Every structure is written in structure tokens, then in C-alpha cells.
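**Q** run.cif is reproduced below (mmCIF, C-alpha atoms).
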data_query
#
loop_
_atom_site.label_atom_id
_atom_site.label_comp_id
_atom_site.auth_asym_id
_atom_site.auth_seq_id
_atom_site.Cartn_x
_atom_site.Cartn_y
_atom_site.Cartn_z
CA MET A 1 -46.20 40.99 176.28
CA THR A 2 -49.04 41.55 178.71
CA ASP A 3 -52.78 41.20 178.51
CA GLY A 4 -53.14 44.95 179.10
CA ARG A 5 -51.24 46.07 176.03
CA THR A 6 -52.92 47.87 173.14
CA SER A 7 -53.66 46.19 169.82
CA ARG A 8 -50.81 48.19 168.25
CA ILE A 9 -47.90 45.75 168.49
CA PRO A 10 -44.65 45.53 166.50
CA ARG A 11 -45.10 41.93 165.46
CA VAL A 12 -47.59 39.13 165.87
CA ASP A 13 -46.90 35.90 167.73
CA ILE A 14 -48.53 33.18 165.64
CA VAL A 15 -49.53 29.56 165.62
CA PHE A 16 -49.60 28.36 162.02
CA ALA A 17 -52.24 25.72 161.24
CA GLY A 18 -52.03 23.83 157.95
CA THR A 19 -51.55 20.38 156.49
CA PRO A 20 -51.10 19.87 152.69
CA ASP A 21 -48.55 21.17 150.17
CA VAL A 22 -50.76 24.16 149.40
CA ALA A 23 -50.12 25.51 152.93
CA VAL A 24 -46.33 25.35 152.73
CA PRO A 25 -45.73 28.66 150.85
CA ALA A 26 -47.64 30.59 153.51
CA LEU A 27 -45.70 28.85 156.29
CA GLU A 28 -42.42 29.74 154.61
CA ALA A 29 -43.49 33.34 154.01
CA LEU A 30 -44.49 33.84 157.65
CA ALA A 31 -41.26 32.19 158.83
CA GLU A 32 -39.29 34.71 156.75
CA SER A 33 -41.36 37.68 157.99
CA ASP A 34 -40.95 39.84 161.10
CA HIS A 35 -43.64 37.82 162.85
CA ARG A 36 -42.84 34.91 165.14
CA ILE A 37 -44.24 31.42 164.66
CA ARG A 38 -44.45 29.87 168.12
CA ALA A 39 -45.71 26.49 166.91
CA VAL A 40 -47.13 24.73 163.88
CA LEU A 41 -50.43 22.86 164.15
CA THR A 42 -50.98 20.09 161.61
CA ARG A 43 -52.89 16.86 161.22
CA PRO A 44 -51.26 13.62 162.40
CA ASP A 45 -49.11 11.41 160.18
CA ALA A 46 -51.33 9.48 157.79
CA PRO A 47 -50.91 6.30 155.72
CA VAL A 48 -49.99 7.04 152.11
CA GLY A 49 -49.78 4.87 149.00
CA ARG A 50 -50.60 1.27 148.37
CA LYS A 51 -48.30 0.13 151.17
CA ARG A 52 -50.00 2.59 153.54
CA VAL A 53 -46.72 3.99 154.81
CA LEU A 54 -47.26 6.38 157.74
CA THR A 55 -46.19 9.76 156.35
CA PRO A 56 -45.94 13.23 157.91
CA SER A 57 -47.91 16.05 156.33
CA PRO A 58 -46.01 18.41 154.01
CA VAL A 59 -46.48 21.18 156.58
CA LYS A 60 -45.00 19.04 159.37
CA THR A 61 -42.03 18.13 157.20
CA ARG A 62 -41.31 21.77 156.35
CA ALA A 63 -41.90 22.95 159.93
CA LEU A 64 -39.31 20.50 161.27
CA GLU A 65 -36.86 21.64 158.59
CA LEU A 66 -37.41 25.20 159.81
CA GLY A 67 -36.84 24.13 163.42
CA LEU A 68 -40.38 24.93 164.52
CA PRO A 69 -42.28 23.05 167.25
CA VAL A 70 -45.10 20.89 165.88
CA ILE A 71 -48.47 20.06 167.44
CA GLU A 72 -50.43 17.25 165.79
CA ALA A 73 -54.20 17.06 166.07
CA SER A 74 -57.05 15.79 163.94
CA ARG A 75 -59.65 17.79 165.87
CA LEU A 76 -59.52 21.12 167.66
CA ARG A 77 -60.65 19.97 171.07
CA GLY A 78 -59.37 18.65 174.39
CA ASP A 79 -55.60 18.65 174.92
CA VAL A 80 -54.83 20.69 171.82
CA ILE A 81 -56.95 23.56 173.17
CA SER A 82 -54.91 23.48 176.39
CA GLN A 83 -51.67 23.56 174.40
CA LEU A 84 -52.86 26.55 172.38
CA ARG A 85 -53.84 28.41 175.54
CA GLU A 86 -50.44 27.74 177.09
CA LEU A 87 -48.73 29.23 174.04
CA ASP A 88 -50.63 32.47 174.69
CA VAL A 89 -50.24 33.75 171.13
CA ASP A 90 -51.71 36.79 169.43
CA ALA A 91 -53.21 35.01 166.42
CA VAL A 92 -53.56 31.78 164.50
CA ALA A 93 -52.89 31.66 160.76
CA VAL A 94 -54.84 28.92 158.97
CA VAL A 95 -54.24 27.53 155.48
CA ALA A 96 -56.02 24.27 154.66
CA PHE A 97 -55.66 22.76 158.11
CA GLY A 98 -58.55 20.35 157.66
CA ALA A 99 -60.60 20.78 160.85
CA ILE A 100 -63.19 23.29 162.02
CA ALA A 101 -62.29 25.73 164.78
CA GLY A 102 -65.11 26.04 167.30
CA PRO A 103 -65.58 28.70 170.00
CA ALA A 104 -63.07 27.12 172.38
CA ALA A 105 -60.33 27.10 169.75
CA LEU A 106 -61.14 30.59 168.49
CA GLY A 107 -60.77 31.90 172.04
CA THR A 108 -57.14 30.81 172.35
CA ALA A 109 -55.64 33.80 170.49
CA ARG A 110 -55.99 37.48 171.49
CA LEU A 111 -56.47 38.90 168.02
CA GLY A 112 -58.26 35.87 166.56
CA TRP A 113 -57.85 33.24 163.88
CA PHE A 114 -57.27 34.24 160.25
CA ASN A 115 -57.60 32.07 157.16
CA LEU A 116 -56.13 32.28 153.67
CA HIS A 117 -58.92 31.06 151.41
CA PHE A 118 -58.63 30.38 147.68
CA SER A 119 -61.60 32.36 146.38
CA LEU A 120 -62.98 35.88 146.41
CA LEU A 121 -65.38 35.52 149.30
CA PRO A 122 -68.32 35.15 149.58
CA ALA A 123 -67.93 33.14 146.36
CA TYR A 124 -67.07 29.47 146.80
CA ARG A 125 -67.12 29.13 150.56
CA GLY A 126 -66.09 25.64 151.61
CA ALA A 127 -63.55 22.89 151.10
CA ALA A 128 -62.95 22.97 147.33
CA PRO A 129 -63.12 26.56 146.04
CA ILE A 130 -60.70 26.23 143.13
CA GLN A 131 -62.12 22.89 142.04
CA ARG A 132 -65.67 24.19 142.01
CA ALA A 133 -64.67 27.42 140.27
CA LEU A 134 -62.95 25.46 137.51
CA ILE A 135 -65.94 23.14 137.10
CA GLY A 136 -68.17 26.21 136.98
CA GLY A 137 -66.20 27.66 134.07
CA GLU A 138 -64.91 30.70 135.97
CA THR A 139 -62.12 32.60 134.24
CA THR A 140 -61.13 34.65 137.30
CA SER A 141 -61.10 34.01 141.02
CA GLY A 142 -58.61 34.97 143.71
CA VAL A 143 -57.58 34.71 147.34
CA SER A 144 -59.04 36.20 150.52
CA VAL A 145 -57.64 36.59 154.02
CA PHE A 146 -60.50 36.67 156.49
CA ARG A 147 -61.21 36.44 160.20
CA ILE A 148 -62.57 33.02 161.13
CA ASP A 149 -65.88 33.09 162.99
CA GLU A 150 -68.31 30.32 163.83
CA GLY A 151 -69.79 30.26 160.31
CA MET A 152 -68.42 28.49 157.23
CA ASP A 153 -66.00 31.04 155.74
CA THR A 154 -68.35 33.89 156.69
CA GLY A 155 -66.01 36.23 158.61
CA PRO A 156 -64.95 39.74 157.59
CA VAL A 157 -62.21 40.05 154.97
CA LEU A 158 -58.89 41.79 155.63
CA ARG A 159 -57.32 41.36 152.20
CA ARG A 160 -58.37 40.04 148.80
CA LEU A 161 -56.54 39.65 145.51
CA GLU A 162 -58.23 38.89 142.18
CA LEU A 163 -56.35 36.42 139.99
CA PRO A 164 -56.86 34.75 136.60
CA LEU A 165 -58.12 31.17 136.62
CA ASP A 166 -56.74 29.90 133.33
CA HIS A 167 -54.90 26.86 134.65
CA PRO A 168 -55.09 23.43 133.00
CA ASP A 169 -55.90 21.60 136.24
CA VAL A 170 -56.40 21.92 139.99
CA ALA A 171 -52.78 21.16 140.87
CA THR A 172 -51.33 24.04 138.85
CA ALA A 173 -54.05 26.41 140.04
CA LEU A 174 -53.51 25.56 143.71
CA GLU A 175 -49.75 25.89 143.38
CA ASP A 176 -50.12 29.31 141.76
CA TYR A 177 -52.73 30.60 144.21
CA ALA A 178 -50.76 29.30 147.21
CA ARG A 179 -47.66 31.14 146.02
CA ARG A 180 -49.52 34.38 145.28
CA GLY A 181 -51.66 34.17 148.41
CA ALA A 182 -48.79 33.77 150.87
CA PRO A 183 -47.71 37.46 150.70
CA GLU A 184 -51.34 38.50 151.25
CA LEU A 185 -51.42 36.54 154.52
CA VAL A 186 -48.16 38.15 155.66
CA ALA A 187 -49.51 41.59 154.72
CA ALA A 188 -52.63 40.95 156.80
CA PHE A 189 -50.50 40.21 159.84
CA ASP A 190 -48.36 43.28 159.13
CA GLU A 191 -51.54 45.34 159.28
CA LEU A 192 -52.71 43.62 162.45
CA ALA A 193 -49.36 44.36 164.06
CA ALA A 194 -49.52 48.00 163.01
CA GLY A 195 -53.13 48.40 164.09
CA THR A 196 -54.17 49.35 160.55
CA ALA A 197 -56.06 46.20 159.54
CA ALA A 198 -59.46 46.95 158.03
CA GLU A 199 -62.04 44.18 158.28
CA THR A 200 -64.75 44.39 155.65
CA PRO A 201 -67.95 42.35 156.01
CA GLN A 202 -68.61 40.03 153.09
CA THR A 203 -71.21 41.28 150.65
CA GLY A 204 -72.93 39.73 147.67
CA GLU A 205 -74.55 36.41 146.98
CA PRO A 206 -72.56 33.55 148.53
CA SER A 207 -71.83 30.31 146.74
CA HIS A 208 -70.58 27.07 148.17
CA ALA A 209 -67.76 24.68 147.30
CA GLU A 210 -68.44 21.28 148.78
CA LYS A 211 -65.67 18.69 148.87
CA ILE A 212 -65.11 17.00 145.51
CA THR A 213 -66.23 13.38 145.25
CA VAL A 214 -65.53 10.67 142.69
CA THR A 215 -69.05 11.18 141.36
CA ASP A 216 -68.20 14.84 140.64
CA ALA A 217 -65.43 13.62 138.33
CA HIS A 218 -67.75 11.55 136.11
CA LEU A 219 -67.76 13.17 132.67
CA ASP A 220 -71.02 13.48 130.75
CA LEU A 221 -69.72 13.37 127.19
CA SER A 222 -73.12 14.39 125.83
CA ALA A 223 -72.57 17.84 127.39
CA PRO A 224 -70.99 20.71 125.44
CA ALA A 225 -67.24 20.35 124.96
CA ALA A 226 -66.46 23.41 127.11
CA GLN A 227 -68.35 21.94 130.06
CA VAL A 228 -66.60 18.59 129.68
CA ILE A 229 -63.21 20.34 129.69
CA ASP A 230 -64.12 22.45 132.73
CA ARG A 231 -65.18 19.41 134.74
CA ALA A 232 -62.00 17.61 133.74
CA ARG A 233 -59.88 20.60 134.80
CA GLY A 234 -61.69 20.82 138.13
CA THR A 235 -61.20 17.15 138.99
CA SER A 236 -57.69 16.60 137.68
CA PRO A 237 -55.35 15.19 138.86
CA ALA A 238 -57.53 13.90 141.73
CA PRO A 239 -59.89 12.16 141.92
CA GLY A 240 -59.36 12.14 138.15
CA PRO A 241 -61.98 12.76 135.43
CA TRP A 242 -63.47 9.48 134.26
CA VAL A 243 -65.84 7.75 131.90
CA GLU A 244 -66.70 4.09 131.55
CA LEU A 245 -65.57 1.61 128.92
CA ASP A 246 -67.31 -1.77 129.01
CA GLY A 247 -68.56 -0.89 132.48
CA LYS A 248 -65.08 -0.15 133.86
CA ARG A 249 -63.90 3.26 134.98
CA THR A 250 -61.40 4.86 132.60
CA LYS A 251 -59.74 8.18 133.40
CA LEU A 252 -59.01 10.87 130.82
CA PHE A 253 -56.39 13.57 131.32
CA GLY A 254 -55.28 16.67 129.47
CA LEU A 255 -58.59 17.57 127.85
CA THR A 256 -58.28 20.78 125.85
CA PRO A 257 -60.21 22.49 123.05
CA ALA A 258 -59.74 20.80 119.68
CA PRO A 259 -59.13 22.63 116.42
CA GLU A 260 -61.80 22.47 113.75
CA VAL A 261 -62.29 18.72 113.47
CA THR A 262 -64.10 17.64 110.30
CA ALA A 263 -64.32 13.95 111.20
CA SER A 264 -67.73 12.47 111.85
CA GLY A 265 -68.35 10.54 115.03
CA THR A 266 -70.80 9.65 117.75
CA VAL A 267 -70.83 11.05 121.28
CA GLY A 268 -68.20 9.30 123.39
CA GLU A 269 -66.02 8.21 120.48
CA LEU A 270 -62.24 8.52 120.90
CA THR A 271 -60.37 8.48 117.61
CA THR A 272 -57.27 9.80 115.89
CA TRP A 273 -57.59 12.83 113.61
CA GLN A 274 -54.54 14.41 111.96
CA GLN A 275 -52.23 12.58 114.41
CA GLN A 276 -54.15 13.88 117.41
CA GLN A 277 -56.47 11.95 119.70
CA VAL A 278 -59.88 13.58 119.80
CA LEU A 279 -63.03 12.78 121.76
CA ARG A 280 -66.54 13.54 120.56
CA CYS A 281 -68.72 15.51 122.98
CA GLY A 282 -72.22 16.90 122.68
CA ASP A 283 -71.37 19.81 120.39
CA GLY A 284 -67.95 18.95 119.05
CA TRP A 285 -64.54 17.48 119.79
CA VAL A 286 -61.88 17.84 122.49
CA LEU A 287 -58.24 16.80 122.48
CA VAL A 288 -57.22 14.03 124.91
CA ASP A 289 -53.61 13.76 126.07
CA GLU A 290 -53.61 10.69 128.36
CA VAL A 291 -55.83 7.74 129.23
CA GLN A 292 -55.74 5.55 132.33
CA PRO A 293 -57.60 2.28 131.80
CA PHE A 294 -59.08 0.57 134.85
CA GLY A 295 -56.34 -1.02 136.98
CA LYS A 296 -53.52 0.25 134.74
CA PRO A 297 -51.12 3.22 134.73
CA ARG A 298 -51.67 6.39 132.73
CA MET A 299 -50.57 6.23 129.12
CA ASN A 300 -50.45 8.42 126.08
CA ALA A 301 -53.81 8.45 124.33
CA ALA A 302 -52.15 7.37 121.08
CA ASP A 303 -50.70 4.32 122.83
CA PHE A 304 -54.11 3.54 124.29
CA LEU A 305 -55.68 3.44 120.82
CA ARG A 306 -52.77 1.65 119.17
CA GLY A 307 -53.75 -1.96 118.54
CA ARG A 308 -57.24 -1.28 119.82
CA GLY A 309 -58.64 1.04 117.18
CA ASP A 310 -61.26 3.68 117.87
CA VAL A 311 -63.30 3.23 121.05
CA THR A 312 -66.66 4.56 122.11
CA PHE A 313 -67.13 5.08 125.83
CA ASP A 314 -70.30 3.93 127.57
CA PRO A 315 -73.22 6.40 127.69
CA TYR A 316 -73.26 8.56 130.81
CA THR A 317 -75.57 7.68 133.68
CA ASP A 318 -75.97 9.75 136.83
CA GLU A 319 -75.92 6.70 139.08
CA GLU A 320 -72.91 6.36 141.39
CA SER A 321 -70.50 3.65 140.36
#
Once more with this new file: its structure as C-alpha cells, please.

**A**
Amino acid sequence: MTDGRTSRIPRVDIVFAGTPDVAVPALEALAESDHRIRAVLTRPDAPVGRKRVLTPSPVKTRALELGLPVIEASRLRGDVISQLRELDVDAVAVVAFGAIAGPAALGTARLGWFNLHFSLLPAYRGAAPIQRALIGGETTSGVSVFRIDEGMDTGPVLRRLELPLDHPDVATALEDYARRGAPELVAAFDELAAGTAAETPQTGEPSHAEKITVTDAHLDLSAPAAQVIDRARGTSPAPGPWVELDGKRTKLFGLTPAPEVTASGTVGELTTWQQQQVLRCGDGWVLVDEVQPFGKPRMNAADFLRGRGDVTFDPYTDEES
């Protein structure tokens, strides 16, 4: 391949950049495609768990299983830029790598850098699109493949696919969107290789999806039940939706709409009704599947109440704990 060739090429030489589990389906799909992955860029091994065991990223683990060279970098600068230039690839495919590509990095690939993003851009630009969409009560979202520019998820879109957002939590939504989005990324590179890729500027009012914090997971039980459920879905399993009991953080999992509950109760009360554990919110009740008391493992909500009786969680405050 020479610098003087046309943009119409039979396949694309790629560096794949990604780190968490959600990036693995796209890596596998590209590895099985007609395109060639020259190297995989991922973040360095990181300490995991209470014992802080140094652990490779899921993308690194899968790349080594596939026999692909791995480059580790926490930032796209310095030596990693030199390594990318030496590879002399056509494009870089990005799925949740975890670092911003500046002008120097973007200039290392002939055709550019392309990202698989888990929203219908320009909606939910940023680090946590599915989480924020769930918290916002969205019932549909999707995936977009776009060209990375110097803005925050502002580049033109090559492909987009609308999908339902009816998942019980972030983990199941991300797994589903990662699986469905992987073929869209491959298709974008097929079109780039064939010279048929159409890049459409983003239109419409943008919204933003900042990284989720522990404070975002604090449930205001005085809010309507639907809003409480949406916030729980958008922050589960991590950092985990929580309330306070006697001033200590208590996590609640598996919040779903309750049937017509005729019991009386005050906001924040967790009780048993017809052999189901229900929690009183601002305008009604929600079902609760599991509870994780402070410093203890998750347990069935029925086991949590057994021997304790009904509990009423502390009133919500918007101060950080």
C-alpha cells in the first residue's frame, strides 16, 4: 500500500482501541471480517478487587487470545503516537478506549479514527450514554458509528441503528448494544474500503452524558415511582442505587413496577405485601428484589426484612455522602 493510492481499497488496515468488556464484541467482529487488525490499543493492566490484583483489560485478554499485538497506553501522547505512526494504518476503530484522541493521534491514520458510540448522536454525547438515557426514562436509543474529530462526539456519522431501551439495568443494555453495534462498525469499514461511506453531519439538539458518580445513584424516594426505577436502572449494577438507613448507605437492586398495592405506608418504607417486598415512593410502590446493607453482601429483600421487620429509609438529602 502506498501513500499515493486512491481511497478505494479492498480492505482497511486497522488499529483497534478499546478497554472494557463492552468493546470485545466489536474486536471479535473486526477480527472475523475481511479487514486486518494490525494492533490493539488498550489501557494498561489495572488493580482489581479488594486485593488489588493487577489485571489485564478484557480487550487485552481477548486480543492475546486472538494472537494480536497489544499496545498499552493510558494517554494518547508521546511514545504511543510514534508506535501508531510506525504501524502506518488506514484507520483506527475505537470502542470505549478511555482516553481522548488529540490532533497528533488523529493524524496517525490515513482515513481517520472512527468510534462506535452507544447513542443516536447528537443525543447523549459523552462517557455514559446508556446510563444517562436510562435515568432519563428513554424507551429507545441506539448506536452510532462516527468520525472522531477534536470535539466531544461531534463528528459526522457513518452509520446509526435505532434500538429499544427496555433493559432492566446498565449491564444488560451495554451487553445488548455492544453485540448489536459490532456489525455496524464492521459495515462502516466495509463502506470505507469500498469508497461508498457517506458521512452525515450531526443535526438536532445535542445532549450530554457525563460520567456517572456515586451521587447520581442516590435515590430520592419522594420522587414518582417511575423516576426512582429509571435512576436505579441507570446506576445498576455500578455504582449501585442507594438510600440511607440510620445514616449508612444501603443499596437496592431489581426495582420494578409494583402491582396495585393497597397497603398504606410512608415514603421510604420497605415492607412485605402479598409475599413481595415493596418500597413506598412519592406516588406509589415499587418492587425490590435485593438489598445490600452497608458493609455486607447483597441479599434477597425478604431475607433483609426477616427478623428486622419493616424499615423506613432515611429522608433524601442532596448533600454528598

**Q** Please evaluate the PyMOL selection byres ((chain A and resi 25) around 10) against the structure above and give the resulting residues as a ChimeraX atom specification.

**A** /A:21-24,26-31,59,62,95,175,177-183

**Q** Write out, as a tab-separated table, each residue of segment 41-133 of chain A that has an atom at most 12 Å from segment 143-157 of chain A, together with the closest pair of atoms and their distance in Å to one decimal, counting only C-alpha atoms, rows going by chain and rising number.

**A**
residue	atom	partner	partner_atom	distance
A:Ala91	CA	A:Arg147	CA	10.2
A:Val92	CA	A:Ile148	CA	9.7
A:Ala93	CA	A:Val145	CA	9.6
A:Val94	CA	A:Ile148	CA	9.0
A:Val95	CA	A:Val145	CA	9.8
A:Ala99	CA	A:Met152	CA	11.6
A:Ile100	CA	A:Met152	CA	8.8
A:Ala101	CA	A:Glu150	CA	7.6
A:Gly102	CA	A:Glu150	CA	6.4
A:Pro103	CA	A:Glu150	CA	6.9
A:Ala104	CA	A:Glu150	CA	10.5
A:Ala105	CA	A:Glu150	CA	10.4
A:Leu106	CA	A:Asp149	CA	7.7
A:Gly107	CA	A:Asp149	CA	10.5
A:Ala109	CA	A:Ile148	CA	11.7
A:Leu111	CA	A:Arg147	CA	9.5
A:Gly112	CA	A:Arg147	CA	7.0
A:Trp113	CA	A:Ile148	CA	5.5
A:Phe114	CA	A:Arg147	CA	4.5
A:Asn115	CA	A:Phe146	CA	5.5
A:Leu116	CA	A:Val145	CA	4.6
A:His117	CA	A:Ser144	CA	5.2
A:Phe118	CA	A:Val143	CA	4.5
A:Ser119	CA	A:Val143	CA	4.8
A:Leu120	CA	A:Val143	CA	5.6
A:Leu121	CA	A:Ser144	CA	6.5
A:Pro122	CA	A:Thr154	CA	7.2
A:Ala123	CA	A:Asp153	CA	9.8
A:Tyr124	CA	A:Asp153	CA	9.1
A:Arg125	CA	A:Asp153	CA	5.6
A:Gly126	CA	A:Met152	CA	6.7
A:Ala127	CA	A:Met152	CA	9.6
A:Pro129	CA	A:Val143	CA	9.9
A:Ile130	CA	A:Val143	CA	10.0

**Q** What residues have an atom no more than 12 Å from (-40.2, 22.3, 165.5) in the file's own frame, counting only C-alpha atoms, and can you write them as a list in words?

**A**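 Those within range, by chain then number, are Val15, Phe16, Ala31, Ile37, Arg38, Ala39, Val40, Leu41, Thr42, Val59, Lys60, Thr61, Arg62, Ala63, Leu64, Glu65, Leu66, Gly67, Leu68, Pro69, Val70, Ile71 and Glu72 of chain A.
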
**Q** Quick one: write out the picked residues with C-alpha atoms as a compact mmCIF listing (two decimals), keeping the file's coordinate frame?

**A**
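Printed below is out.txt as written:
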# COMPACT_ATOMS: atom_id res chain seq x y z
CA VAL A 15 -49.53 29.56 165.62
CA PHE A 16 -49.60 28.36 162.02
CA ALA A 31 -41.26 32.19 158.83
CA ILE A 37 -44.24 31.42 164.66
CA ARG A 38 -44.45 29.87 168.12
CA ALA A 39 -45.71 26.49 166.91
CA VAL A 40 -47.13 24.73 163.88
CA LEU A 41 -50.43 22.86 164.15
CA THR A 42 -50.98 20.09 161.61
CA VAL A 59 -46.48 21.18 156.58
CA LYS A 60 -45.00 19.04 159.37
CA THR A 61 -42.03 18.13 157.20
CA ARG A 62 -41.31 21.77 156.35
CA ALA A 63 -41.90 22.95 159.93
CA LEU A 64 -39.31 20.50 161.27
CA GLU A 65 -36.86 21.64 158.59
CA LEU A 66 -37.41 25.20 159.81
CA GLY A 67 -36.84 24.13 163.42
CA LEU A 68 -40.38 24.93 164.52
CA PRO A 69 -42.28 23.05 167.25
CA VAL A 70 -45.10 20.89 165.88
CA ILE A 71 -48.47 20.06 167.44
CA GLU A 72 -50.43 17.25 165.79

**Q** Go through A:Ala173, A:Val186, A:Ala128, A:Leu165 one by one, measure the shortest atom-to-atom distance of each to Arg36 of chain A using all atoms listed in the file, and give the residue with the smallest value.

**A**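 For Arg36 of chain A, the nearest of the given residues is A:Val186.
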
**Q** Which residues are close to segment 275-282 of chain A, i.e. within 12 Å by only C-alpha atoms, leaving aside same-chain residues fewer than 6 positions away? Reply as a VMD selection string.

**A** chain A and resid 219 to 229 243 252 to 269 288 to 291 300 to 306 309 to 313 315 to 316

**Q** Using all atoms listed in the file for the distances, tell me which of A:Arg132, A:Lys248, A:His35, A:Arg75 is nearest to Arg233 of chain A.

**A**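 The shortest atom-to-atom distance to Arg233 of chain A comes from A:Arg132.
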
**Q** Could you check which of A:Asp318, A:Phe294, A:Ile81, A:Leu270 is closest to Thr215 of chain A, using all atoms listed in the file?

**A**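 Using all atoms listed in the file, the shortest distance to Thr215 of chain A belongs to A:Asp318.
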
**Q** Which residues come within 7 Å of Leu84 of chain A, counting only C-alpha atoms, excluding same-chain residues fewer than 4 positions away, as a PyMOL selection string?

**A** chain A and resi 80+88+108

**Q** So how many Å separate atom CA of Asp34 of chain A and atom CA of Gln83 of chain A, to one decimal?

**A** 23.6 Å

**Q** Ranking A:Pro20, A:Arg298, A:Lys211, A:Pro168 by minimum distance to Pro56 of chain A and counting all atoms listed in the file, which one comes first?

**A**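 Among the listed residues, the smallest separation from Pro56 of chain A belongs to A:Pro20.
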
**Q** What gap, in Å, lies between atom CA of Ser74 of chain A and atom CA of Ala96 of chain A?

**A**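 Interatomic distance, atom CA of Ser74 of chain A to atom CA of Ala96 of chain A: 12.6 Å.
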
**Q** Expressed in Å to a single decimal, how great is the separation between atom CA of Asp45 of chain A and atom CA of Val170 of chain A?

**A**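 Taking atom CA of Asp45 of chain A as the start and atom CA of Val170 of chain A as the end point, the length is 23.9 Å.
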
**Q** So which one's closest to Asp216 of chain A, A:Gly307, A:Pro47, A:Pro241, A:Gly247? Using all atoms listed in the file, please.

**A**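 Checking each candidate against Asp216 of chain A, we get A:Pro241 as the closest.
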